[in-house]
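This report refers to the structure that appears directly beneath it.
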Amino acid sequence: MAEENVKNQELMDKLVSLCKRRGFVFPSSEIYGGINGFWDYGPYGARMKRAIENLWWHEMVETRDNVEGLDSTIICHPRVWKASGHLDQFSDLMTDCRNCKSRYRVDQMEDPTTCPNCGSKDLTEPREFNLMMKTFVGPVFDEEHAAYLRAETCQPIFVDFHSVRVATRQKIPFGIAQIGKAFRNEINPRNFTFRSREFTQMEMEFFCEEAQGMEFFEYWKEQRINYYRNKLKFKDDFFRIYVHEKLAHYAKAAIDIEVKFPFGWGELEGVHHRGTWDLSRHSEFSGEDLSYMDHDNHRKFMPTVIETSVGLDRTMLALLSAAYDEEKAATAKEGMEEDTRIVMHLPPLVAPIQVAVLPQSKKLKESAYALYKEIDRHFRAEYDDTGSIGKRYRRQDEIGTPYCICYDFESGNDNCVTVRDRDTMLQDRVNVTQLRDYLEKKIEA
Ligand code: GAP
């Protein structure tokens with residue numbers, strides 16, 4: 001575990017630095033000084049993010065007959081946010097320090113009468129601050145034309161419930177899933193990407209009868225825990241379940257899946273039993289009846305909803321924090337001092353590069369590159385022939401590539417290559433005809 005090797009703050013600093021250096025994540029608009037709470041994903045970050053999205057989509061939609069996908073707009077009719085309660089209630093209490101001009105969320109202050117930055121007691125009265133981001137639709141910038149960037153991806157799922165059901169002829173129980181951007185004007189964005197102002201959510205709303213609600217709540221809770229354990233390879237001491245005792249008035253049960261981030265435990269995903277609240281509210285505010293007609297049993301009812309909701313940016317941060325490690329390694333040449341191997345133990349399913357092809361020498365470029373092109377059809381692959389082979393292995397370790405293939409001077413004769421395992425650094429000699437099968441088994445394991 002990373003925590004055993006490096007201290008937490010240090011780990012965070014190292015992670016931020018690695019993310020910048022190797023093109024995972026960097027501040028948005030950096031050449032203009034950045035913009036607080038906004039982050040860009042560089043080439044490896046974008047690949048990894050896409051891989052996580054694809055994995056989630058595959059697990060939640062593609063492999064299930066009873067979950068449909070949706071891709072709705074970011075800007076919806078403003079009444080959506082009135083019905084959901086966001087316009088009236090989605091706010092935090094904030095206070096400003098009159099002395100140093102810092103701004104805080106009151107619920108995050110240890111002592112809400114003293115400025116944590118300068119120690120001044122001269123703070124403004126706490127006041128409500130709505131987190132919805134506002135814009136205007138059309139050329140007139142007045143309240144009548146105000147609209148909001150969605151604060152969560154689930155609301156359009158409720159709004160489109162009827163259309164999706166009719167289009168797909170799904171019967172209850174079934175779910176609708178969506179991946180997309182959400183926006184919140186967080187007062188204090190912090191902890192790298194953990195609390196951002198623009199982020200991606202992956203949400204699934206599962207519609208069922210009230211009597212099945214708790215059964216499906218337990219089912220989805222287990223499904224999601226299995227996903228973290230088996231697909232994202234979370235270790236038991238890396239995550240925990242927080243059971244909500246104080247519930248929203250409409251909710252029947254709620255848990256959070258929390259992760260040990262370098263700055264402490266933090267929420268990664270929520271699995272919530274939301275009752276009939278959302279569909280009832282949208283029926284009331286839109287005037288459209290969103291209840292479900294069960295033709296088999298001649299019954300009409302408002303479906304109960306079980307939600308699974310996870311942040312993609314937080315998933316990445318969790319994976320990157322769990323993956324970071326530093327190992328003392330002896331350099332290849334005898335007599336040289338020990339050096340440090342920075343290695344990201346990322347799960348092969350979501351590593352930005354799964355296989356790197358590295359010729360022993362540039363003279364082997366033609367054959368090695370042809371092999372790379374073949375591998376690249378099946379895996380996220382990269383070709384690199386610059387610098388010594390040792391340096392190239394280290395570069396791949398640092399971005400978390402689980403398998404490096406070395407094409408050497410023997411390869412042309414025996415049709416075999418050496419496959420190096422990132423974690424054990426052990427090497428296997430594999431026939432090129434067996435390579436795809438070999439790698440698939442390892443990556444899926
Ligand atoms: N539809 C339910 C919902 O949106 P939430 O707990 O507010 O619930 C769900 O958000 C998930 O979205 C969180 O568990 C977290 O992973 C992610 N998330 C929420 N706010 C975030 C922020 N400011 N920055 C990054 N991720 C965030």
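Here's how to read the names in the structure tokens: chain A, B, ... by the order shown, residue numbers from 1 in each chain, ligand numbers from 1 in the order shown.
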
Discussion item. Let's see if you can do this: from backbone DSSP, list all strand (DSSP E) residues in segment 197-442 of chain A, as a ChimeraX atom specification.
Written reply: /A:198-208,239-243,253-261,264-275,292-294,299-301,304-311,324-330,338-344,355-359,381-383,403-407,416-421,427-431

Could you name the residues that touch segment 111-117 of chain A at 10 Å or less, counting only C-alpha atoms, but leaving out those on the same chain fewer than 5 positions away, as a PDB file with N, CA and C atoms, in the first residue's frame?
```
ATOM      1  N   MET A  94     -22.125  30.053   3.986  1.00  0.00           N
ATOM      2  CA  MET A  94     -20.748  30.526   3.832  1.00  0.00           C
ATOM      3  C   MET A  94     -20.510  31.782   4.663  1.00  0.00           C
ATOM      4  N   THR A  95     -19.230  32.000   4.946  1.00  0.00           N
ATOM      5  CA  THR A  95     -18.850  33.209   5.670  1.00  0.00           C
ATOM      6  C   THR A  95     -17.563  33.760   5.047  1.00  0.00           C
ATOM      7  N   ASP A  96     -17.412  35.089   5.105  1.00  0.00           N
ATOM      8  CA  ASP A  96     -16.200  35.721   4.564  1.00  0.00           C
ATOM      9  C   ASP A  96     -15.402  36.341   5.693  1.00  0.00           C
ATOM     10  N   CYS A  97     -14.075  36.270   5.552  1.00  0.00           N
ATOM     11  CA  CYS A  97     -13.226  36.978   6.513  1.00  0.00           C
ATOM     12  C   CYS A  97     -13.045  38.407   5.984  1.00  0.00           C
ATOM     13  N   ARG A  98     -13.438  39.393   6.807  1.00  0.00           N
ATOM     14  CA  ARG A  98     -13.315  40.786   6.332  1.00  0.00           C
ATOM     15  C   ARG A  98     -11.855  41.225   6.280  1.00  0.00           C
ATOM     16  N   ASN A  99     -11.012  40.567   7.047  1.00  0.00           N
ATOM     17  CA  ASN A  99      -9.609  40.956   7.094  1.00  0.00           C
ATOM     18  C   ASN A  99      -8.828  40.439   5.885  1.00  0.00           C
ATOM     19  N   CYS A 100      -8.829  39.102   5.649  1.00  0.00           N
ATOM     20  CA  CYS A 100      -7.987  38.565   4.561  1.00  0.00           C
ATOM     21  C   CYS A 100      -8.800  38.174   3.334  1.00  0.00           C
ATOM     22  N   LYS A 101     -10.125  38.365   3.393  1.00  0.00           N
ATOM     23  CA  LYS A 101     -11.032  38.136   2.235  1.00  0.00           C
ATOM     24  C   LYS A 101     -11.193  36.654   1.869  1.00  0.00           C
ATOM     25  N   SER A 102     -10.756  35.757   2.766  1.00  0.00           N
ATOM     26  CA  SER A 102     -10.978  34.326   2.470  1.00  0.00           C
ATOM     27  C   SER A 102     -12.449  33.997   2.665  1.00  0.00           C
ATOM     28  N   ARG A 103     -12.904  32.977   1.967  1.00  0.00           N
ATOM     29  CA  ARG A 103     -14.312  32.567   2.031  1.00  0.00           C
ATOM     30  C   ARG A 103     -14.380  31.107   2.474  1.00  0.00           C
ATOM     31  N   TYR A 104     -15.303  30.783   3.354  1.00  0.00           N
ATOM     32  CA  TYR A 104     -15.373  29.413   3.897  1.00  0.00           C
ATOM     33  C   TYR A 104     -16.785  28.872   3.903  1.00  0.00           C
ATOM     34  N   ARG A 105     -16.861  27.525   3.844  1.00  0.00           N
ATOM     35  CA  ARG A 105     -18.109  26.835   4.133  1.00  0.00           C
ATOM     36  C   ARG A 105     -18.163  26.656   5.640  1.00  0.00           C
ATOM     37  N   VAL A 106     -19.233  27.134   6.251  1.00  0.00           N
ATOM     38  CA  VAL A 106     -19.301  27.133   7.708  1.00  0.00           C
ATOM     39  C   VAL A 106     -19.204  25.708   8.259  1.00  0.00           C
ATOM     40  N   ASP A 122     -13.131  38.787  12.707  1.00  0.00           N
ATOM     41  CA  ASP A 122     -14.046  39.668  11.969  1.00  0.00           C
ATOM     42  C   ASP A 122     -14.615  38.938  10.744  1.00  0.00           C
ATOM     43  N   LEU A 123     -15.601  38.054  11.003  1.00  0.00           N
ATOM     44  CA  LEU A 123     -16.217  37.278   9.927  1.00  0.00           C
ATOM     45  C   LEU A 123     -17.635  37.787   9.672  1.00  0.00           C
ATOM     46  N   THR A 124     -18.070  37.690   8.429  1.00  0.00           N
ATOM     47  CA  THR A 124     -19.452  38.108   8.124  1.00  0.00           C
ATOM     48  C   THR A 124     -20.438  37.093   8.709  1.00  0.00           C
ATOM     49  N   GLU A 125     -21.677  37.507   8.892  1.00  0.00           N
ATOM     50  CA  GLU A 125     -22.734  36.583   9.314  1.00  0.00           C
ATOM     51  C   GLU A 125     -22.835  35.451   8.290  1.00  0.00           C
ATOM     52  N   PRO A 126     -22.985  34.199   8.720  1.00  0.00           N
ATOM     53  CA  PRO A 126     -23.146  33.111   7.745  1.00  0.00           C
ATOM     54  C   PRO A 126     -24.371  33.348   6.864  1.00  0.00           C
TER      55      PRO A 126
END
```

Worksheet entry | Given 9 Å and only C-alpha atoms and all ligand atoms, residues near ligand 1 as a PyMOL selection string | chain A and resi 37+151-155+182-186+189-190+193-205+256-258+266-272+307-315

Practice prompt. Please provide as a list in words all residues within 10 Å of segment 46-49 of chain A, with the sequence filter that same-chain residues fewer than 2 positions apart are discarded (counting only C-alpha atoms).
Written response: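 The contact residues come out as Gly23, Phe24, Val25, Asp40, Tyr41, Gly42, Pro43, Tyr44, Ala51, Ile52, Glu53, Asn54, Leu55, Thr200, Leu312, Asp313, Thr315, Met316, Leu346, Leu349, Val350, Ala351, Pro352, Ile353 and Arg380 of chain A.
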
Go ahead and save the picked residues with N, CA, C and O atoms, as a tab-separated table (two decimals), in the first residue's frame.
```tsv
chain	number	residue	atom	x	y	z
A	23	GLY	N	1.25	14.04	-17.59
A	23	GLY	CA	0.09	14.33	-18.43
A	23	GLY	C	-1.17	13.57	-18.04
A	23	GLY	O	-1.95	13.16	-18.90
A	24	PHE	N	-1.39	13.40	-16.72
A	24	PHE	CA	-2.66	12.84	-16.29
A	24	PHE	C	-3.67	13.97	-16.06
A	24	PHE	O	-4.72	14.00	-16.68
A	25	VAL	N	-3.33	14.87	-15.15
A	25	VAL	CA	-4.25	15.97	-14.78
A	25	VAL	C	-3.43	17.23	-14.54
A	25	VAL	O	-2.37	17.15	-13.90
A	40	ASP	N	-7.95	19.94	-16.13
A	40	ASP	CA	-7.89	19.31	-17.45
A	40	ASP	C	-7.24	17.94	-17.32
A	40	ASP	O	-6.31	17.76	-16.53
A	41	TYR	N	-7.74	17.00	-18.11
A	41	TYR	CA	-7.12	15.67	-18.15
A	41	TYR	C	-6.24	15.61	-19.39
A	41	TYR	O	-6.72	15.81	-20.51
A	42	GLY	N	-4.95	15.35	-19.16
A	42	GLY	CA	-4.00	15.26	-20.28
A	42	GLY	C	-4.12	13.91	-20.98
A	42	GLY	O	-5.03	13.13	-20.68
A	43	PRO	N	-3.18	13.62	-21.89
A	43	PRO	CA	-3.31	12.41	-22.72
A	43	PRO	C	-3.50	11.12	-21.92
A	43	PRO	O	-4.39	10.34	-22.22
A	44	TYR	N	-2.68	10.88	-20.88
A	44	TYR	CA	-2.86	9.63	-20.12
A	44	TYR	C	-4.10	9.70	-19.23
A	44	TYR	O	-4.81	8.71	-19.05
A	51	ALA	N	-11.33	4.91	-20.03
A	51	ALA	CA	-11.35	3.47	-19.70
A	51	ALA	C	-12.29	3.21	-18.52
A	51	ALA	O	-13.02	2.21	-18.51
A	52	ILE	N	-12.29	4.10	-17.53
A	52	ILE	CA	-13.17	3.90	-16.36
A	52	ILE	C	-14.63	4.06	-16.79
A	52	ILE	O	-15.49	3.28	-16.40
A	53	GLU	N	-14.88	5.09	-17.60
A	53	GLU	CA	-16.25	5.29	-18.12
A	53	GLU	C	-16.73	4.05	-18.85
A	53	GLU	O	-17.84	3.58	-18.63
A	54	ASN	N	-15.87	3.53	-19.72
A	54	ASN	CA	-16.25	2.36	-20.52
A	54	ASN	C	-16.51	1.14	-19.65
A	54	ASN	O	-17.43	0.38	-19.89
A	55	LEU	N	-15.66	1.00	-18.63
A	55	LEU	CA	-15.83	-0.14	-17.73
A	55	LEU	C	-17.15	-0.02	-16.97
A	55	LEU	O	-17.92	-0.98	-16.87
A	200	THR	N	-17.44	14.88	-13.49
A	200	THR	CA	-18.26	13.90	-14.22
A	200	THR	C	-18.90	12.93	-13.24
A	200	THR	O	-18.22	12.44	-12.33
A	312	LEU	N	-16.65	10.33	-11.36
A	312	LEU	CA	-15.57	9.76	-12.16
A	312	LEU	C	-14.21	10.33	-11.74
A	312	LEU	O	-13.21	9.62	-11.65
A	313	ASP	N	-14.22	11.64	-11.45
A	313	ASP	CA	-12.95	12.28	-11.05
A	313	ASP	C	-12.45	11.70	-9.73
A	313	ASP	O	-11.26	11.49	-9.52
A	315	THR	N	-13.17	8.70	-8.66
A	315	THR	CA	-12.72	7.32	-8.91
A	315	THR	C	-11.26	7.36	-9.37
A	315	THR	O	-10.43	6.59	-8.91
A	316	MET	N	-10.96	8.30	-10.25
A	316	MET	CA	-9.58	8.40	-10.73
A	316	MET	C	-8.63	8.76	-9.62
A	316	MET	O	-7.54	8.19	-9.49
A	346	LEU	N	-1.58	0.55	-11.07
A	346	LEU	CA	-2.98	0.72	-11.52
A	346	LEU	C	-3.57	-0.61	-11.97
A	346	LEU	O	-2.86	-1.43	-12.57
A	349	LEU	N	-7.18	-3.18	-16.06
A	349	LEU	CA	-8.38	-2.84	-16.84
A	349	LEU	C	-8.51	-1.35	-17.12
A	349	LEU	O	-9.13	-0.97	-18.12
A	350	VAL	N	-7.98	-0.51	-16.24
A	350	VAL	CA	-8.16	0.93	-16.44
A	350	VAL	C	-6.84	1.69	-16.58
A	350	VAL	O	-6.84	2.92	-16.67
A	351	ALA	N	-5.72	0.99	-16.61
A	351	ALA	CA	-4.43	1.68	-16.81
A	351	ALA	C	-4.47	2.40	-18.16
A	351	ALA	O	-5.00	1.84	-19.13
A	352	PRO	N	-3.93	3.62	-18.24
A	352	PRO	CA	-4.02	4.35	-19.51
A	352	PRO	C	-3.35	3.61	-20.66
A	352	PRO	O	-3.85	3.60	-21.77
A	353	ILE	N	-2.20	3.01	-20.38
A	353	ILE	CA	-1.52	2.14	-21.35
A	353	ILE	C	-1.46	0.75	-20.72
A	353	ILE	O	-0.97	0.60	-19.61
A	380	ARG	N	-4.89	-0.98	-25.09
A	380	ARG	CA	-4.35	0.39	-25.15
A	380	ARG	C	-2.83	0.25	-25.10
A	380	ARG	O	-2.26	-0.18	-24.10
```

Discussion item. What parts of segment 381-417 of chain A does DSSP call helix (DSSP H, G or I)? I'd like the answer as number ranges by chain.
Written reply: A: 389-399, 411-414

With N, CA and C atoms retained, write the just-selected residues as a PDB file, in the first residue's frame.
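Produced file selection12.pdb, reproduced below:
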```pdb
ATOM      1  N   ILE A 389      16.775   1.010 -22.479  1.00  0.00           N
ATOM      2  CA  ILE A 389      15.618   0.161 -22.177  1.00  0.00           C
ATOM      3  C   ILE A 389      15.219   0.328 -20.705  1.00  0.00           C
ATOM      4  N   GLY A 390      16.229   0.493 -19.835  1.00  0.00           N
ATOM      5  CA  GLY A 390      15.935   0.690 -18.401  1.00  0.00           C
ATOM      6  C   GLY A 390      15.091   1.933 -18.181  1.00  0.00           C
ATOM      7  N   LYS A 391      15.484   3.025 -18.851  1.00  0.00           N
ATOM      8  CA  LYS A 391      14.742   4.296 -18.705  1.00  0.00           C
ATOM      9  C   LYS A 391      13.320   4.137 -19.234  1.00  0.00           C
ATOM     10  N   ARG A 392      13.189   3.379 -20.311  1.00  0.00           N
ATOM     11  CA  ARG A 392      11.856   3.198 -20.907  1.00  0.00           C
ATOM     12  C   ARG A 392      10.955   2.386 -19.973  1.00  0.00           C
ATOM     13  N   TYR A 393      11.525   1.372 -19.318  1.00  0.00           N
ATOM     14  CA  TYR A 393      10.737   0.620 -18.331  1.00  0.00           C
ATOM     15  C   TYR A 393      10.265   1.562 -17.223  1.00  0.00           C
ATOM     16  N   ARG A 394      11.160   2.432 -16.757  1.00  0.00           N
ATOM     17  CA  ARG A 394      10.807   3.350 -15.663  1.00  0.00           C
ATOM     18  C   ARG A 394       9.691   4.310 -16.084  1.00  0.00           C
ATOM     19  N   ARG A 395       9.782   4.784 -17.313  1.00  0.00           N
ATOM     20  CA  ARG A 395       8.728   5.691 -17.799  1.00  0.00           C
ATOM     21  C   ARG A 395       7.379   4.975 -17.767  1.00  0.00           C
ATOM     22  N   GLN A 396       7.380   3.708 -18.187  1.00  0.00           N
ATOM     23  CA  GLN A 396       6.120   2.954 -18.205  1.00  0.00           C
ATOM     24  C   GLN A 396       5.646   2.650 -16.780  1.00  0.00           C
ATOM     25  N   ASP A 397       6.596   2.371 -15.871  1.00  0.00           N
ATOM     26  CA  ASP A 397       6.212   2.129 -14.469  1.00  0.00           C
ATOM     27  C   ASP A 397       5.486   3.350 -13.912  1.00  0.00           C
ATOM     28  N   GLU A 398       5.993   4.521 -14.267  1.00  0.00           N
ATOM     29  CA  GLU A 398       5.466   5.767 -13.711  1.00  0.00           C
ATOM     30  C   GLU A 398       4.057   6.089 -14.203  1.00  0.00           C
ATOM     31  N   ILE A 399       3.691   5.567 -15.359  1.00  0.00           N
ATOM     32  CA  ILE A 399       2.312   5.805 -15.817  1.00  0.00           C
ATOM     33  C   ILE A 399       1.440   4.565 -15.591  1.00  0.00           C
ATOM     34  N   SER A 411      14.325 -12.089 -31.165  1.00  0.00           N
ATOM     35  CA  SER A 411      12.896 -12.190 -31.524  1.00  0.00           C
ATOM     36  C   SER A 411      12.679 -12.561 -32.986  1.00  0.00           C
ATOM     37  N   GLY A 412      13.531 -12.008 -33.861  1.00  0.00           N
ATOM     38  CA  GLY A 412      13.407 -12.314 -35.284  1.00  0.00           C
ATOM     39  C   GLY A 412      13.644 -13.793 -35.576  1.00  0.00           C
ATOM     40  N   ASN A 413      14.466 -14.438 -34.733  1.00  0.00           N
ATOM     41  CA  ASN A 413      14.786 -15.860 -34.946  1.00  0.00           C
ATOM     42  C   ASN A 413      13.765 -16.788 -34.301  1.00  0.00           C
ATOM     43  N   ASP A 414      13.413 -16.529 -33.007  1.00  0.00           N
ATOM     44  CA  ASP A 414      12.551 -17.497 -32.304  1.00  0.00           C
ATOM     45  C   ASP A 414      11.081 -17.066 -32.253  1.00  0.00           C
TER      46      ASP A 414
END
```

Worksheet item: With only C-alpha atoms as the atoms that count, which of A:Lys252, A:Phe216, A:Lys246, A:Tyr324 lies nearest to Ser17 of chain A?
Response: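 Closest to Ser17 of chain A, using only C-alpha atoms: A:Tyr324.
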
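Shortest separation to Ile74 of chain A among A:Asn191, A:Thr340, A:Gln178, A:Ser291 occurs at residue A:Gln178, atoms counted being only C-alpha atoms.
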
Discussion item. Applying 9 Å and only C-alpha atoms, which residues near Ser72 of chain A remain after dropping the ones on its own chain fewer than 4 positions away? List them as a list in words.
Written reply: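 Surrounding residues, per the criterion: Cys76, Thr153, Pro156, Ile157, Asp160, Gln178 and Gly180 of chain A.
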
Practice prompt. Excluding Asp13 of chain A and residues on its chain fewer than 6 positions from it, collect all residues at most 10 Å away from it, counting only C-alpha atoms, and give them as a PyMOL selection string.
Written response: chain A and resi 19+192+262

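As for atom CA of Asp65 of chain A and atom CA of Phe379 of chain A, they are spaced 26.6 Å apart.
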
Practice prompt. Considering only C-alpha atoms, state which residue in the set A:Leu364, A:Ala318, A:Val61, A:Val243 is at the smallest distance from Ile179 of chain A.
Written response: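 Closest residue, counting only C-alpha atoms: A:Val61.
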
Practice prompt. Compare A:Leu317, A:Lys235, A:Leu87, A:Thr418 by their minimum atom-to-atom distance to Gly45 of chain A, counting only C-alpha atoms, and give me the closest one.
Written response: A:Leu317

Discussion item. Using only C-alpha atoms, can you tell me which of A:Val357, A:Met60, A:Cys404, A:Ile241 comes closest to Ile176 of chain A?
Written reply: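 Ranking A:Val357, A:Met60, A:Cys404, A:Ile241 by distance to Ile176 of chain A, first place goes to A:Met60.
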
Discussion item. Report as JSON, numbers by chain all protein, DNA and RNA residues lying within 6 Å of Val259 of chain A, evaluated on only C-alpha atoms, omitting residues in the same chain fewer than 5 positions from it.
Written reply: {"A": [238, 239, 265, 266]}

Non-local contacts of segment 421-433 of chain A (7 Å; only C-alpha atoms; under 3 positions in same chain excluded) as an mmCIF file with N, CA and C atoms, in the first residue's frame:
```
data_model
loop_
_atom_site.group_PDB
_atom_site.id
_atom_site.type_symbol
_atom_site.label_atom_id
_atom_site.label_comp_id
_atom_site.auth_asym_id
_atom_site.auth_seq_id
_atom_site.Cartn_x
_atom_site.Cartn_y
_atom_site.Cartn_z
ATOM 1 N N HIS A 345 0.702 1.238 -9.373
ATOM 2 C CA HIS A 345 0.122 -0.111 -9.474
ATOM 3 C C HIS A 345 -1.345 -0.024 -9.900
ATOM 4 N N ASP A 397 6.596 2.371 -15.871
ATOM 5 C CA ASP A 397 6.212 2.129 -14.469
ATOM 6 C C ASP A 397 5.486 3.350 -13.912
ATOM 7 N N THR A 401 1.857 1.266 -16.598
ATOM 8 C CA THR A 401 1.681 0.239 -17.647
ATOM 9 C C THR A 401 1.971 -1.152 -17.079
ATOM 10 N N PRO A 402 0.983 -2.043 -17.039
ATOM 11 C CA PRO A 402 1.209 -3.331 -16.364
ATOM 12 C C PRO A 402 2.148 -4.277 -17.113
ATOM 13 N N TYR A 403 2.192 -4.153 -18.463
ATOM 14 C CA TYR A 403 3.023 -5.104 -19.220
ATOM 15 C C TYR A 403 3.866 -4.389 -20.278
ATOM 16 N N CYS A 404 5.150 -4.659 -20.239
ATOM 17 C CA CYS A 404 6.064 -4.125 -21.260
ATOM 18 C C CYS A 404 6.620 -5.285 -22.060
ATOM 19 N N ASN A 415 10.771 -15.927 -32.858
ATOM 20 C CA ASN A 415 9.395 -15.409 -32.861
ATOM 21 C C ASN A 415 8.836 -15.257 -31.445
ATOM 22 N N CYS A 416 9.734 -14.978 -30.488
ATOM 23 C CA CYS A 416 9.312 -14.790 -29.094
ATOM 24 C C CYS A 416 9.711 -13.396 -28.619
ATOM 25 N N VAL A 417 8.979 -12.886 -27.634
ATOM 26 C CA VAL A 417 9.329 -11.598 -27.023
ATOM 27 C C VAL A 417 9.341 -11.785 -25.511
ATOM 28 N N THR A 418 9.951 -10.809 -24.814
ATOM 29 C CA THR A 418 9.977 -10.873 -23.358
ATOM 30 C C THR A 418 8.887 -9.957 -22.811
#
```
